[in-house]
Amino acid sequence: MPSVEKLLHFLSTSFICAAGVVLLGYGMSTDWAKAEMACAPIDSEQFNGSSHLKIGLFNGTETKISCPRISKLGAKVPVFERLGKLAGVPIILHALVVIMLGLALLGSAGSILVSLYNSFSNPYQTYMGPIGLYTCSGLSVCTASLALILYVANAYLGKMFETLVKADVANVLLKDVKISLQVGFFLLIPYICLNMVAILVVYLYVHAAYTRRKEQEKPTEDAPKEIMMY
């Protein structure tokens, strides 16, 4: 029968990881960024039009005002479909972001299973012990951090938003692109923190258990040789 302390540590870890899954799941379903930019026909330098986009990982909306000669209000933006039309770096980076987030969710699922298993058993020397949780949560932290970096690089350096507009209207010039990141992107930060907290909670328990075990062994090791002879 596991001790109350062990039960509390590993069950709380599973709840922390589950909260991270909820956060990331919601983040992947909501908006990640919005952008606005000035538009002009390719044969002119009069930037009288504008385009406003608000996108998530998979879908978004776009409002065009004379960009370059047409206007659309709240048009649907299938992100992968549009990026795929022009191919190149934006579609590759965006696909990598989604793959990294999928791996992060997989790691969180593994952390939940390992922590629940450890709540009622004692597989310390196997991959299903604390080492398994360190590995799974570590995977989630690394892949989510990489997704965060790749998304920023794609939005600001990879010209993802310009690509989304040009995939719909080819003959257009764009400038003054203003990008602001949204809640879906920022939810990655508490998700990463929750996984780090999960690692810390288990590490503290393992360290405390190891310290107690060493203290129990210490009296025998430090006993005088005269006593040990009898």
# chains A, B, ... in the order shown; residues from 1 in each chain; ligands from 1
call {"tool": "select_by_dssp", "arguments": {"residues": "stretch 132-214 of chain A", "states": "strand (DSSP E)", "output": "PyMOL selection string"}}
result
chain A and resi 172-181
call {"tool": "write_last_selection", "arguments": {"atoms": "C-alpha atoms", "output": "PDB file, in the first residue's frame"}}
result
ATOM      1  CA  VAL A 172      -0.630  42.530 -54.786  1.00  0.00           C
ATOM      2  CA  LEU A 173       2.038  44.526 -53.016  1.00  0.00           C
ATOM      3  CA  LEU A 174       2.126  44.508 -49.217  1.00  0.00           C
ATOM      4  CA  LYS A 175       3.831  46.704 -46.639  1.00  0.00           C
ATOM      5  CA  ASP A 176       3.576  47.924 -43.039  1.00  0.00           C
ATOM      6  CA  VAL A 177       2.769  44.479 -41.660  1.00  0.00           C
ATOM      7  CA  LYS A 178       1.778  44.715 -37.988  1.00  0.00           C
ATOM      8  CA  ILE A 179       1.558  41.388 -36.125  1.00  0.00           C
ATOM      9  CA  SER A 180       0.232  40.754 -32.624  1.00  0.00           C
ATOM     10  CA  LEU A 181       0.281  37.347 -30.966  1.00  0.00           C
TER      11      LEU A 181
END
call {"tool": "residues_around", "arguments": {"residues": "stretch 52-68 of chain A", "least_positions_apart": "2", "cutoff": "6 Å", "atoms": "only C-alpha atoms", "output": "list in words"}}
result
Thr30, Asp31, Trp32, Ala33, Lys34, Ala35, Glu36, Cys39, Ala40, Pro41, Gly49, Ser50, Ile70, Ser71, Lys72, Leu73, Gly74, Ala75, Lys76, Val77, Pro78 and Val79 of chain A
call {"tool": "closest_residue", "arguments": {"among": "A:Gly184, A:Gly129, A:Pro190, A:Gly158", "to": "A:Pro90", "atoms": "only C-alpha atoms"}}
result
A:Gly158
call {"tool": "closest_residue", "arguments": {"among": "A:Ala208, A:Val152, A:Leu8, A:Leu188", "to": "A:Met28", "atoms": "only C-alpha atoms"}}
result
A:Leu188
call {"tool": "closest_residue", "arguments": {"among": "A:Leu157, A:Leu83, A:Val21, A:Ala109", "to": "A:Ala95", "atoms": "only C-alpha atoms"}}
result
A:Leu83
call {"tool": "closest_residue", "arguments": {"among": "A:Val201, A:Val206, A:Ile91, A:Val183", "to": "A:Tyr26", "atoms": "only C-alpha atoms"}}
result
A:Val183
